[in-house]
>>> print(open('run28.txt').read())   # compact mmCIF, C-alpha atoms
# COMPACT_ATOMS: atom_id res chain seq x y z
CA MET A 9 5.67 -15.83 -3.07
CA ARG A 10 8.53 -14.50 -0.92
CA PHE A 11 8.11 -13.86 2.79
CA ARG A 12 9.65 -11.50 5.28
CA ILE A 13 9.75 -12.60 8.87
CA ASP A 14 7.02 -10.85 10.81
CA ALA A 15 4.42 -11.56 13.46
CA ASN A 16 2.88 -14.25 11.27
CA MET A 17 6.11 -16.09 10.79
CA HIS A 18 4.82 -19.29 12.35
CA GLU A 19 1.98 -19.37 9.87
CA GLN A 20 4.37 -18.70 7.01
CA ILE A 21 6.57 -21.60 8.03
CA LEU A 22 3.53 -23.85 8.37
CA GLN A 23 2.42 -22.79 4.90
CA ILE A 24 5.78 -23.83 3.43
CA LEU A 25 5.67 -27.10 5.35
CA SER A 26 2.20 -27.87 4.05
CA ARG A 27 3.47 -27.47 0.49
CA ILE A 28 6.08 -30.14 1.17
CA ARG A 29 3.68 -32.63 2.69
CA ALA A 30 0.04 -31.65 2.43
CA ASP A 31 -1.01 -34.78 4.33
CA ALA A 32 1.08 -34.08 7.46
CA ASP A 33 -0.43 -32.56 10.61
CA TYR A 34 2.37 -30.22 11.64
CA ARG A 35 0.18 -28.25 14.05
CA ASN A 36 -0.26 -31.20 16.42
CA SER A 37 3.31 -32.52 16.35
CA THR A 38 5.97 -31.74 18.93
CA ASP A 39 8.81 -33.16 16.83
CA PHE A 40 8.35 -33.29 13.07
CA VAL A 41 11.33 -35.60 12.53
CA GLU A 42 10.59 -38.00 15.39
CA ASP A 43 6.93 -38.12 14.40
CA GLY A 44 7.84 -39.04 10.83
CA LEU A 45 6.48 -35.85 9.27
CA LEU A 46 9.88 -34.88 7.84
CA ASP A 47 12.51 -37.33 6.63
CA SER A 48 16.02 -36.31 5.62
CA PHE A 49 14.97 -35.72 2.02
CA ASP A 50 12.00 -33.61 3.12
CA MET A 51 14.56 -31.59 5.09
CA VAL A 52 16.48 -31.07 1.84
CA VAL A 53 13.34 -29.78 0.12
CA LEU A 54 12.42 -27.63 3.12
CA THR A 55 15.94 -26.14 3.25
CA SER A 56 15.69 -25.22 -0.41
CA GLU A 57 12.21 -23.68 0.05
CA LEU A 58 13.27 -21.69 3.11
CA GLU A 59 16.35 -20.36 1.31
CA LYS A 60 14.27 -19.35 -1.68
CA ASN A 61 11.43 -17.77 0.25
CA PHE A 62 13.50 -15.91 2.83
CA SER A 63 16.45 -15.11 0.51
CA ILE A 64 18.99 -16.69 2.86
CA THR A 65 21.61 -19.42 2.76
CA ILE A 66 21.44 -22.13 5.41
CA ASP A 67 24.86 -23.38 6.45
CA GLY A 68 25.44 -27.03 5.64
CA LEU A 69 26.43 -27.69 9.26
CA ASP A 70 22.94 -26.60 10.34
CA PHE A 71 21.37 -29.41 8.34
CA VAL A 72 20.57 -31.45 11.46
CA PRO A 73 17.20 -32.84 12.61
CA GLU A 74 17.18 -30.64 15.75
CA ASN A 75 16.85 -27.54 13.57
CA PHE A 76 13.76 -28.90 11.82
CA ALA A 77 11.92 -30.45 14.77
CA SER A 78 9.33 -27.70 15.24
CA VAL A 79 8.19 -24.41 13.82
CA GLU A 80 10.06 -22.65 16.62
CA ASP A 81 13.27 -24.53 15.77
CA ILE A 82 12.87 -23.57 12.11
CA ARG A 83 12.26 -19.94 13.11
CA LYS A 84 15.50 -19.93 15.11
CA LEU A 85 17.33 -21.46 12.16
CA LEU A 86 16.03 -18.72 9.88
CA LEU A 87 17.20 -16.00 12.25
CA LYS A 88 20.60 -17.67 12.60
CA SER A 89 20.86 -17.89 8.81
CA GLY A 90 20.44 -14.16 8.38
CA ALA A 91 16.71 -13.67 7.93
CA THR A 92 15.80 -10.29 9.40
CA PRO A 93 12.65 -9.84 11.50
CA MET B 5 48.11 -38.14 7.59
CA ASN B 6 49.85 -36.11 4.89
CA PHE B 7 51.55 -37.46 1.79
CA LEU B 8 54.01 -35.82 -0.59
CA PHE B 9 55.02 -37.50 -3.83
CA ALA B 10 57.47 -36.41 -6.51
CA GLY B 11 58.44 -37.73 -9.93
CA LYS B 12 55.15 -39.38 -10.85
CA HIS B 13 51.96 -38.39 -12.62
CA ILE B 14 48.64 -39.56 -14.01
CA ALA B 15 49.24 -40.31 -17.69
CA GLY B 16 45.64 -41.03 -18.71
CA ILE B 17 42.10 -41.59 -17.49
CA HIS B 18 39.33 -43.70 -18.99
CA THR B 19 35.84 -44.44 -17.66
CA VAL B 20 33.56 -47.36 -18.44
CA LEU B 21 29.82 -47.07 -17.85
CA PRO B 22 26.99 -49.47 -18.58
CA SER B 23 24.94 -48.32 -21.55
CA ARG B 24 21.65 -49.10 -19.78
CA GLU B 25 20.13 -45.83 -18.63
CA CYS B 26 17.33 -45.62 -16.04
CA ARG B 27 15.29 -42.44 -15.66
CA PHE B 28 14.06 -40.96 -12.41
CA VAL B 29 10.54 -40.46 -13.78
CA ASP B 30 10.37 -44.21 -14.31
CA ASP B 31 12.03 -45.05 -10.96
CA MET B 32 9.37 -43.01 -9.14
CA SER B 33 6.66 -45.62 -9.61
CA ALA B 34 8.51 -47.99 -7.25
CA PHE B 35 8.77 -45.45 -4.44
CA GLY B 36 6.22 -45.30 -1.64
CA PHE B 37 5.84 -41.54 -2.01
CA PRO B 38 3.36 -39.34 -3.87
CA PRO B 39 4.87 -38.36 -7.25
CA GLU B 40 4.80 -34.63 -6.42
CA ARG B 41 7.09 -35.19 -3.41
CA SER B 42 9.54 -37.12 -5.55
CA ARG B 43 9.46 -34.48 -8.31
CA LYS B 44 10.29 -31.73 -5.83
CA LEU B 45 13.25 -33.73 -4.61
CA GLN B 46 14.29 -34.36 -8.21
CA GLU B 47 14.63 -30.62 -8.86
CA ILE B 48 16.83 -30.01 -5.85
CA MET B 49 19.01 -33.11 -5.89
CA GLY B 50 19.51 -33.07 -9.64
CA TYR B 51 18.10 -36.52 -10.31
CA ASP B 52 17.38 -37.25 -13.94
CA ARG B 53 19.00 -40.40 -15.30
CA HIS B 54 21.57 -42.90 -14.10
CA ARG B 55 23.55 -45.81 -15.50
CA ILE B 56 22.71 -49.26 -14.16
CA VAL B 57 24.34 -52.57 -15.14
CA GLU B 58 22.34 -55.42 -16.58
CA PRO B 59 21.77 -58.32 -14.17
CA GLY B 60 24.93 -60.34 -13.59
CA VAL B 61 27.44 -57.72 -14.73
CA CYS B 62 30.43 -57.42 -12.38
CA VAL B 63 33.26 -54.93 -11.85
CA SER B 64 35.69 -57.24 -13.67
CA ASP B 65 33.43 -57.17 -16.76
CA LEU B 66 33.63 -53.37 -16.92
CA ALA B 67 37.37 -53.44 -16.19
CA VAL B 68 38.18 -56.03 -18.84
CA ALA B 69 36.18 -54.12 -21.46
CA GLY B 70 37.93 -50.88 -20.54
CA LEU B 71 41.44 -52.33 -20.56
CA LYS B 72 40.83 -54.15 -23.85
CA HIS B 73 39.79 -50.82 -25.34
CA LEU B 74 42.92 -49.12 -24.01
CA PHE B 75 45.13 -51.96 -25.31
CA LYS B 76 43.46 -51.77 -28.71
CA GLN B 77 43.94 -48.01 -28.87
CA GLN B 78 47.57 -48.59 -27.79
CA HIS B 79 47.16 -46.18 -24.89
CA ILE B 80 48.51 -48.94 -22.63
CA GLN B 81 50.60 -51.97 -23.53
CA PRO B 82 49.54 -55.14 -21.69
CA ASP B 83 53.06 -55.84 -20.40
CA GLU B 84 54.17 -52.33 -19.49
CA PHE B 85 52.52 -51.94 -16.07
CA ASP B 86 53.74 -53.73 -12.96
CA ALA B 87 50.82 -53.28 -10.58
CA LEU B 88 47.06 -53.58 -10.99
CA LEU B 89 45.01 -52.00 -8.20
CA VAL B 90 41.28 -52.58 -7.93
CA LEU B 91 39.33 -50.48 -5.46
CA THR B 92 35.75 -51.59 -5.09
CA GLN B 93 33.08 -52.55 -2.61
CA CYS B 94 31.59 -54.94 -5.14
CA PRO B 95 34.10 -57.75 -5.62
CA ASP B 96 33.18 -60.47 -8.07
CA HIS B 97 33.77 -63.00 -5.24
CA PHE B 98 35.12 -63.05 -1.70
CA ILE B 99 37.82 -65.34 -3.05
CA PRO B 100 39.83 -64.70 -5.22
CA PRO B 101 40.65 -60.98 -5.50
CA THR B 102 38.97 -59.20 -8.41
CA SER B 103 42.37 -57.86 -9.52
CA ASN B 104 43.58 -61.44 -10.01
CA ILE B 105 40.44 -62.26 -11.98
CA ILE B 106 41.08 -59.33 -14.31
CA GLN B 107 44.73 -60.36 -14.66
CA GLY B 108 43.67 -63.88 -15.62
CA ARG B 109 40.97 -62.83 -18.07
CA LEU B 110 43.41 -60.57 -19.91
CA ASN B 111 46.34 -63.03 -19.80
CA LEU B 112 48.53 -60.43 -18.12
CA LYS B 113 52.05 -61.29 -17.00
CA HIS B 114 52.65 -63.18 -13.74
CA ASP B 115 55.18 -60.57 -12.63
CA LEU B 116 52.30 -58.25 -11.72
CA PHE B 117 51.37 -56.93 -8.28
CA CYS B 118 47.58 -57.45 -8.12
CA MET B 119 45.88 -55.83 -5.16
CA ASP B 120 42.25 -55.33 -4.09
CA ILE B 121 41.34 -52.57 -1.66
CA ALA B 122 37.81 -52.32 -0.25
CA GLN B 123 36.89 -48.66 -0.51
CA GLY B 124 33.82 -46.81 -1.71
CA CYS B 125 33.45 -43.14 -2.54
CA ALA B 126 37.01 -42.34 -1.41
CA ALA B 127 38.42 -45.15 -3.56
CA TRP B 128 39.88 -42.90 -6.26
CA LEU B 129 41.94 -41.03 -3.67
CA VAL B 130 43.02 -44.10 -1.71
CA GLY B 131 43.96 -45.77 -4.99
CA LEU B 132 46.02 -42.81 -6.20
CA ILE B 133 47.90 -42.68 -2.89
CA GLN B 134 48.55 -46.43 -3.03
CA ALA B 135 49.67 -46.21 -6.67
CA CYS B 136 52.12 -43.43 -5.83
CA LEU B 137 53.48 -45.49 -2.92
CA LEU B 138 54.04 -48.44 -5.25
CA LEU B 139 55.78 -46.23 -7.80
CA GLU B 140 58.42 -45.42 -5.16
CA GLN B 141 59.71 -48.96 -5.84
CA PRO B 142 62.30 -49.24 -8.64
CA ALA B 143 60.66 -52.46 -9.89
CA ILE B 144 57.32 -50.77 -10.49
CA ARG B 145 57.37 -48.54 -13.55
CA LYS B 146 53.67 -48.03 -14.16
CA VAL B 147 50.48 -48.76 -12.23
CA VAL B 148 46.96 -49.31 -13.53
CA LEU B 149 44.35 -48.18 -11.06
CA ILE B 150 40.72 -49.28 -11.35
CA ALA B 151 38.08 -47.80 -9.04
CA GLY B 152 34.33 -48.27 -9.09
CA ASP B 153 31.32 -50.34 -8.22
CA VAL B 154 28.20 -52.05 -9.50
CA ILE B 155 26.38 -50.99 -6.36
CA SER B 156 22.95 -51.01 -8.03
CA ARG B 157 22.95 -54.75 -7.50
CA ARG B 158 22.76 -54.14 -3.75
CA VAL B 159 20.39 -51.14 -3.64
CA SER B 160 16.64 -51.55 -3.30
CA PRO B 161 14.74 -49.93 -6.19
CA ARG B 162 12.06 -49.16 -3.57
CA ASP B 163 14.49 -47.09 -1.49
CA ARG B 164 14.13 -43.47 -2.54
CA ASN B 165 16.94 -42.52 -0.15
CA SER B 166 19.51 -44.37 -2.22
CA PHE B 167 18.32 -45.77 -5.54
CA PRO B 168 17.79 -42.56 -7.55
CA LEU B 169 21.25 -41.25 -6.81
CA ILE B 170 23.39 -44.33 -7.39
CA GLY B 171 25.06 -45.35 -10.61
CA ASP B 172 27.42 -48.07 -11.76
CA GLY B 173 30.76 -47.67 -13.48
CA ILE B 174 34.52 -47.73 -13.14
CA GLY B 175 37.39 -45.36 -13.69
CA ILE B 176 40.78 -46.49 -14.97
CA ALA B 177 43.96 -44.47 -14.51
CA LEU B 178 47.48 -45.09 -15.70
CA LEU B 179 50.14 -43.72 -13.35
CA GLU B 180 53.82 -43.64 -14.17
CA LYS B 181 57.15 -42.17 -13.21
CA SER B 182 57.99 -38.82 -14.78
CA ALA B 183 61.11 -36.82 -13.99
CA ASP B 184 59.48 -33.46 -14.68
CA ALA B 185 56.21 -34.09 -12.86
CA GLY B 186 55.16 -31.54 -10.26
CA PRO B 187 54.62 -32.45 -6.60
CA ILE B 188 51.52 -34.32 -5.51
CA HIS B 189 50.20 -33.40 -2.08
CA ALA B 190 47.53 -35.50 -0.38
CA ASN B 191 45.92 -36.10 2.97
CA LEU B 192 43.75 -38.90 4.32
CA ARG B 193 41.50 -39.46 7.35
CA MET B 194 39.50 -42.49 8.48
CA ASP B 195 36.96 -43.00 11.28
CA GLY B 196 35.61 -46.51 11.74
CA SER B 197 33.49 -45.46 14.72
CA ARG B 198 31.03 -43.99 12.19
CA ALA B 199 31.10 -47.03 9.91
CA ASN B 200 27.36 -47.70 10.23
CA ALA B 201 26.47 -44.49 8.38
CA LEU B 202 27.00 -46.41 5.12
CA THR B 203 26.70 -50.16 5.25
CA ILE B 204 25.33 -53.31 3.66
CA PRO B 205 24.50 -55.28 6.81
CA ALA B 206 24.18 -58.77 5.32
CA GLY B 207 26.25 -60.78 2.88
CA GLY B 208 29.54 -61.01 4.74
CA PHE B 209 30.64 -63.42 7.43
CA ARG B 210 29.07 -61.37 10.26
CA MET B 211 25.58 -61.75 8.80
CA PRO B 212 25.50 -64.18 5.89
CA SER B 213 22.76 -63.66 3.30
CA THR B 214 19.74 -65.88 3.82
CA ALA B 215 16.17 -65.96 2.63
CA GLU B 216 15.34 -63.79 5.66
CA THR B 217 17.95 -61.13 4.95
CA ALA B 218 16.45 -60.73 1.46
CA ILE B 219 13.03 -59.69 2.80
CA GLU B 220 12.38 -56.00 2.19
CA GLN B 221 10.68 -54.05 4.94
CA ASP B 222 9.50 -50.49 5.41
CA ALA B 223 12.36 -48.74 7.20
CA GLY B 224 9.76 -46.53 8.89
CA ASP B 225 9.97 -43.77 6.33
CA SER B 226 8.18 -45.46 3.40
CA ASN B 227 11.51 -46.69 2.01
CA PHE B 228 11.69 -50.44 1.55
CA ARG B 229 15.00 -52.25 1.86
CA SER B 230 16.40 -55.49 3.23
CA PRO B 231 19.60 -56.27 5.19
CA ASP B 232 21.07 -57.38 1.84
CA HIS B 233 20.72 -53.80 0.59
CA LEU B 234 22.74 -50.63 1.03
CA HIS B 235 21.70 -48.65 4.12
CA MET B 236 22.63 -44.98 4.14
CA ASP B 237 22.02 -42.58 6.99
CA GLY B 238 21.61 -39.59 4.71
CA THR B 239 21.66 -36.93 7.41
CA ALA B 240 24.77 -38.39 9.07
CA VAL B 241 26.58 -38.61 5.74
CA PHE B 242 25.60 -35.06 4.80
CA ASN B 243 26.87 -33.70 8.10
CA PHE B 244 30.06 -35.74 7.86
CA VAL B 245 30.83 -34.14 4.49
CA GLN B 246 29.98 -30.60 5.56
CA ARG B 247 31.99 -30.91 8.77
CA GLU B 248 35.08 -32.76 7.56
CA ILE B 249 35.78 -31.71 3.96
CA PRO B 250 36.27 -27.92 4.26
CA PRO B 251 39.00 -28.26 6.96
CA LEU B 252 40.54 -31.17 5.03
CA ILE B 253 40.97 -28.93 1.98
CA ARG B 254 42.23 -26.00 4.06
CA GLU B 255 44.85 -28.27 5.64
CA LEU B 256 45.86 -29.63 2.22
CA LEU B 257 46.37 -26.15 0.77
CA LEU B 258 48.38 -25.16 3.83
CA PHE B 259 50.50 -28.32 3.56
CA ALA B 260 51.13 -27.58 -0.12
CA ASN B 261 51.69 -23.88 0.58
CA THR B 262 49.17 -23.17 -2.16
CA ALA B 263 46.67 -20.33 -2.43
CA GLU B 264 43.03 -21.29 -2.89
CA ASN B 265 42.73 -19.19 -6.05
CA SER B 266 45.54 -21.11 -7.75
CA VAL B 267 43.32 -24.19 -7.97
CA ASP B 268 41.64 -24.37 -11.39
CA TYR B 269 39.06 -27.02 -10.46
CA TYR B 270 37.79 -28.80 -7.38
CA LEU B 271 36.99 -32.24 -8.78
CA PHE B 272 35.12 -33.83 -5.93
CA HIS B 273 33.25 -37.07 -5.48
CA GLN B 274 29.68 -36.63 -6.74
CA PRO B 275 27.10 -37.60 -4.08
CA ASN B 276 24.34 -35.23 -5.27
CA ARG B 277 23.95 -31.64 -6.45
CA PHE B 278 22.51 -30.34 -3.15
CA MET B 279 25.42 -31.62 -1.07
CA LEU B 280 28.01 -30.23 -3.48
CA GLU B 281 26.34 -26.83 -3.68
CA LYS B 282 26.31 -26.66 0.11
CA LEU B 283 29.95 -27.70 0.18
CA ALA B 284 30.94 -25.04 -2.37
CA ALA B 285 29.10 -22.41 -0.32
CA LYS B 286 30.79 -23.54 2.88
CA MET B 287 34.21 -23.42 1.20
CA LYS B 288 33.37 -20.13 -0.54
CA VAL B 289 34.36 -21.67 -3.87
CA ASP B 290 32.71 -20.52 -7.10
CA PRO B 291 30.41 -23.43 -8.10
CA ALA B 292 31.77 -23.11 -11.66
CA ARG B 293 35.06 -24.46 -10.33
CA MET B 294 33.35 -27.39 -8.60
CA PRO B 295 31.36 -29.37 -11.21
CA ALA B 296 28.23 -31.00 -9.74
CA ASN B 297 26.56 -32.46 -12.82
CA VAL B 298 27.53 -36.13 -12.65
CA VAL B 299 24.60 -37.51 -10.63
CA GLU B 300 21.99 -36.03 -12.99
CA ASN B 301 23.69 -37.59 -16.02
CA PHE B 302 25.14 -40.86 -14.76
CA GLY B 303 24.37 -41.35 -11.05
CA ASN B 304 26.87 -41.54 -8.22
CA SER B 305 29.21 -44.36 -9.18
CA GLY B 306 31.19 -44.34 -5.92
CA GLY B 307 34.92 -44.54 -6.54
CA ALA B 308 34.37 -43.87 -10.25
CA SER B 309 32.57 -40.56 -9.78
CA ILE B 310 35.73 -38.41 -9.84
CA PRO B 311 37.10 -39.94 -13.07
CA VAL B 312 33.59 -39.67 -14.58
CA ASN B 313 33.59 -36.01 -13.50
CA ILE B 314 36.95 -35.56 -15.25
CA THR B 315 36.19 -37.43 -18.46
CA PHE B 316 32.71 -35.91 -18.82
CA ASN B 317 33.58 -32.28 -18.03
CA LEU B 318 37.24 -31.73 -18.88
CA ALA B 319 38.38 -34.35 -21.39
CA GLN B 320 39.16 -32.02 -24.29
CA THR B 321 40.94 -29.50 -22.07
CA LEU B 322 43.05 -32.13 -20.33
CA LEU B 323 44.17 -33.68 -23.61
CA ARG B 324 45.71 -30.32 -24.52
CA GLN B 325 46.90 -28.72 -21.29
CA SER B 326 47.65 -29.08 -17.62
CA LEU B 327 45.27 -27.95 -14.88
CA HIS B 328 45.96 -27.45 -11.20
CA VAL B 329 43.23 -29.55 -9.59
CA CYS B 330 42.08 -30.62 -6.18
CA PHE B 331 40.43 -34.03 -5.77
CA ALA B 332 38.36 -34.98 -2.74
CA GLY B 333 36.68 -38.29 -2.01
CA PHE B 334 34.51 -39.13 0.99
CA GLY B 335 32.36 -42.06 1.90
CA SER B 336 32.11 -45.44 3.54
CA GLY B 337 34.47 -46.29 6.33
CA LEU B 338 34.12 -43.45 7.02
CA THR B 339 37.02 -42.36 4.82
CA TRP B 340 37.87 -38.93 3.46
CA SER B 341 40.86 -37.77 1.49
CA SER B 342 42.02 -34.98 -0.79
CA MET B 343 44.83 -34.45 -3.27
CA LEU B 344 46.38 -31.46 -5.02
CA LEU B 345 48.24 -32.01 -8.28
CA ASN B 346 48.88 -30.87 -11.81
CA LEU B 347 46.71 -32.97 -14.11
CA GLY B 348 47.39 -33.15 -17.85
CA PRO B 349 48.11 -32.96 -20.64
CA LEU B 350 46.83 -36.55 -20.62
CA ARG B 351 47.62 -39.13 -23.28
CA PHE B 352 44.02 -40.35 -23.08
CA CYS B 353 40.91 -39.03 -21.36
CA SER B 354 37.82 -40.82 -22.57
CA MET B 355 34.46 -42.41 -21.76
CA GLN B 356 33.13 -45.76 -22.92
CA SER B 357 29.65 -47.24 -22.69
CA ILE B 358 29.25 -50.99 -22.89
>>> encode(input="run28.txt", output="structure tokens")
Amino acid sequence: MRFRIDANMHEQILQILSRIRADADYRNSTDFVEDGLLDSFDMVVLTSELEKNFSITIDGLDFVPENFASVEDIRKLLLKSGATP
Amino acid sequence: MNFLFAGKHIAGIHTVLPSRECRFVDDMSAFGFPPERSRKLQEIMGYDRHRIVEPGVCVSDLAVAGLKHLFKQQHIQPDEFDALLVLTQCPDHFIPPTSNIIQGRLNLKHDLFCMDIAQGCAAWLVGLIQACLLLEQPAIRKVVLIAGDVISRRVSPRDRNSFPLIGDGIGIALLEKSADAGPIHANLRMDGSRANALTIPAGGFRMPSTAETAIEQDAGDSNFRSPDHLHMDGTAVFNFVQREIPPLIRELLLFANTAENSVDYYLFHQPNRFMLEKLAAKMKVDPARMPANVVENFGNSGGASIPVNITFNLAQTLLRQSLHVCFAGFGSGLTWSSMLLNLGPLRFCSMQSI
């Protein structure tokens, strides 16, 4: 399923995250990386899923933990990478 | 630092890989992750199979087998080269140098400059630069360069961050003087302040190996490794490559006054498919000109990954014709380097499994 960014974008991102790690509680985390919900290889998988689902390319220089720390950070990354609201 | 060399070329390339092949689907059982998470990663990173030495096999074993093969095929005469360079992070011993061990095992002449250089994934580049520097000397007619590792011996099979992507192997190159060779342009950067991004903490004089340094512990991310094992900060390494390599190549092309579209192939070190695809996108290079299929077939064999890339993907072409190629190596140190040259037609370009 491909998504377009809309009012439910947070839910869409959470849905993608839950496919990466079904056991992780992303809703109650303030920093996915610090809390151990995303390691660097999960970030690789997440990057690939976001690119596929939002038809964008994420710049390699944006592959930093700060851009994957929260749903809001991921939303900002998507917008920066060319996803259109 | 920029380098410009004239009157020398690579005459042939040969790679030696262990015949033992491990498969990712089998490796997965040792990881502390659910299989579905590992399979997803497999798709994206390009993990499939990798070559791992049998217990006890050292770099000199691969090198001796490779050189014996080249002597037997008469691609190289044992007494025709005047320097033997070995670039590895996996020496047989601290003392003596591995290059001397290889010299002794093959009964090579005493009038031979044997030199070890400790380099990892940039070893092929550092070795080529060093070989060209040696060839500036009248007394040195030909140089044999050996680059590679048996790093599997120091990687935890329970470390999903490192084990599935690594491979063992060496590359051998013969370099020689040639009056009609084209120019070789190269550049090199090093930054020891980021050395901890890729390290084996124990086993040297700073932290000798003990029973305690062999104890594997959860690194906090379900990967188990000990201080005797390779530690890689994957995110730091990824960002290092994305940040440093595109400007390095731009500067090289500028130094060589060469247009990007005149390069036939970008033959880069092979860390994993994801990193190379991101690098190609960043550099706006057609991925067809930047092969990224070595890790899925053989694993990342450090300093040998560029010669494996060459012998696996371009052997038949390079035996017939010349290509304008750009090498880039990047890894421990941190060290990063690139080189622009005409490669081929080669006298030999082959792979060997032992």
>>> atom_distance(input="run28.txt", atom1="atom CA of Ala15 of chain B", atom2="atom CA of Arg277 of chain B")
29.0 Å
>>> atom_distance(input="run28.txt", atom1="atom CA of Phe75 of chain B", atom2="atom CA of Pro311 of chain B")
18.9 Å
>>> interface_residues(input="run28.txt", of="chain A", to="chain B", cutoff="7 Å", atoms="all atoms listed in the file", output="list in words")
Ile28, Gly44, Asp47, Ser48, Val53, Asp67, Gly68, Leu69, Phe71 and Val72 of chain A
>>> closest_atom_pairs(input="run28.txt", of="segment 117-137 of chain B", to="segment 195-202 of chain B", cutoff="12 Å", atoms="all atoms listed in the file", output="tab-separated table")
residue	atom	partner	partner_atom	distance
B:Gln123	CA	B:Leu202	CA	11.6
B:Gly124	CA	B:Leu202	CA	9.7
B:Cys125	CA	B:Leu202	CA	10.5
>>> closest_residue(input="run28.txt", among="B:Ala151, B:Met236, B:Ala177, B:Ala126", to="Ser342 of chain B", atoms="only C-alpha atoms")
B:Ala126
>>> residues_around(input="run28.txt", residues="Gly11 of chain B", least_positions_apart="4", cutoff="9 Å", atoms="all atoms listed in the file", output="ChimeraX atom specification")
/B:180-188
>>> atom_distance(input="run28.txt", atom1="atom CA of Leu89 of chain B", atom2="atom CA of Met211 of chain B")
27.6 Å
>>> residues_around(input="run28.txt", residues="Leu25 of chain A", least_positions_apart="3", cutoff="10 Å", atoms="all atoms listed in the file", output="JSON, numbers by chain")
{"A": [19, 20, 21, 22, 28, 29, 30, 32, 33, 34, 45, 46, 50, 51, 53, 54, 57, 58, 79]}
>>> write_last_selection(input="run28.txt", atoms="C-alpha atoms", output="PDB file, in the coordinates of the input")
ATOM      1  CA  GLU A  19       1.980 -19.370   9.870  1.00  0.00           C
ATOM      2  CA  GLN A  20       4.370 -18.700   7.010  1.00  0.00           C
ATOM      3  CA  ILE A  21       6.570 -21.600   8.030  1.00  0.00           C
ATOM      4  CA  LEU A  22       3.530 -23.850   8.370  1.00  0.00           C
ATOM      5  CA  ILE A  28       6.080 -30.140   1.170  1.00  0.00           C
ATOM      6  CA  ARG A  29       3.680 -32.630   2.690  1.00  0.00           C
ATOM      7  CA  ALA A  30       0.040 -31.650   2.430  1.00  0.00           C
ATOM      8  CA  ALA A  32       1.080 -34.080   7.460  1.00  0.00           C
ATOM      9  CA  ASP A  33      -0.430 -32.560  10.610  1.00  0.00           C
ATOM     10  CA  TYR A  34       2.370 -30.220  11.640  1.00  0.00           C
ATOM     11  CA  LEU A  45       6.480 -35.850   9.270  1.00  0.00           C
ATOM     12  CA  LEU A  46       9.880 -34.880   7.840  1.00  0.00           C
ATOM     13  CA  ASP A  50      12.000 -33.610   3.120  1.00  0.00           C
ATOM     14  CA  MET A  51      14.560 -31.590   5.090  1.00  0.00           C
ATOM     15  CA  VAL A  53      13.340 -29.780   0.120  1.00  0.00           C
ATOM     16  CA  LEU A  54      12.420 -27.630   3.120  1.00  0.00           C
ATOM     17  CA  GLU A  57      12.210 -23.680   0.050  1.00  0.00           C
ATOM     18  CA  LEU A  58      13.270 -21.690   3.110  1.00  0.00           C
ATOM     19  CA  VAL A  79       8.190 -24.410  13.820  1.00  0.00           C
TER      20      VAL A  79
END
>>> residues_near_point(input="run28.txt", point="(43.7, -30.8, 6.1)", cutoff="10 Å", atoms="only C-alpha atoms", output="PyMOL selection string")
chain B and resi 5-6+190-193+248-259+341-342
>>> residues_around(input="run28.txt", residues="Ser89 of chain A", least_positions_apart="6", cutoff="10 Å", atoms="all atoms listed in the file", output="MDAnalysis selection string")
chainID A and resid 59 62:67 70 83
>>> closest_residue(input="run28.txt", among="B:Arg229, B:Gln134, B:Gly16, B:Met119", to="Gln78 of chain B", atoms="all atoms listed in the file")
B:Gly16
>>> residues_around(input="run28.txt", residues="segment 94-101 of chain B", least_positions_apart="4", cutoff="9 Å", atoms="all atoms listed in the file", output="number ranges by chain")
B: 62-64, 90, 105-106, 118-120, 122, 152-155, 157-158, 208
>>> residues_near_point(input="run28.txt", point="(48.2, -35.2, -25.4)", cutoff="7 Å", atoms="all atoms listed in the file", output="short mmCIF file (atom, residue, chain, number, x, y, z; two decimals) with C-alpha atoms, keeping the file's coordinate frame")
data_model
loop_
_atom_site.label_atom_id
_atom_site.label_comp_id
_atom_site.auth_asym_id
_atom_site.auth_seq_id
_atom_site.Cartn_x
_atom_site.Cartn_y
_atom_site.Cartn_z
CA LEU B 323 44.17 -33.68 -23.61
CA ARG B 324 45.71 -30.32 -24.52
CA PRO B 349 48.11 -32.96 -20.64
CA LEU B 350 46.83 -36.55 -20.62
CA ARG B 351 47.62 -39.13 -23.28
#
>>> residues_around(input="run28.txt", residues="Asn75 of chain A", least_positions_apart="5", cutoff="8 Å", atoms="all atoms listed in the file", output="ChimeraX atom specification")
/A:70,81-82,84-85
>>> decode(input="run28.txt", residues="segment 14-26 of chain B", atoms="C-alpha atoms", output="CSV table (one decimal), in the first residue's frame")
chain,number,residue,atom,x,y,z
B,14,ILE,CA,48.4,-2.5,-13.4
B,15,ALA,CA,49.4,-5.5,-15.5
B,16,GLY,CA,47.1,-8.1,-13.9
B,17,ILE,CA,44.7,-8.8,-11.1
B,18,HIS,CA,43.9,-12.1,-9.3
B,19,THR,CA,41.7,-12.8,-6.3
B,20,VAL,CA,41.8,-15.7,-3.9
B,21,LEU,CA,38.7,-16.6,-1.9
B,22,PRO,CA,38.1,-19.4,0.6
B,23,SER,CA,35.8,-22.0,-1.0
B,24,ARG,CA,33.7,-22.3,2.2
B,25,GLU,CA,30.5,-20.5,1.7
B,26,CYS,CA,28.1,-19.5,4.5
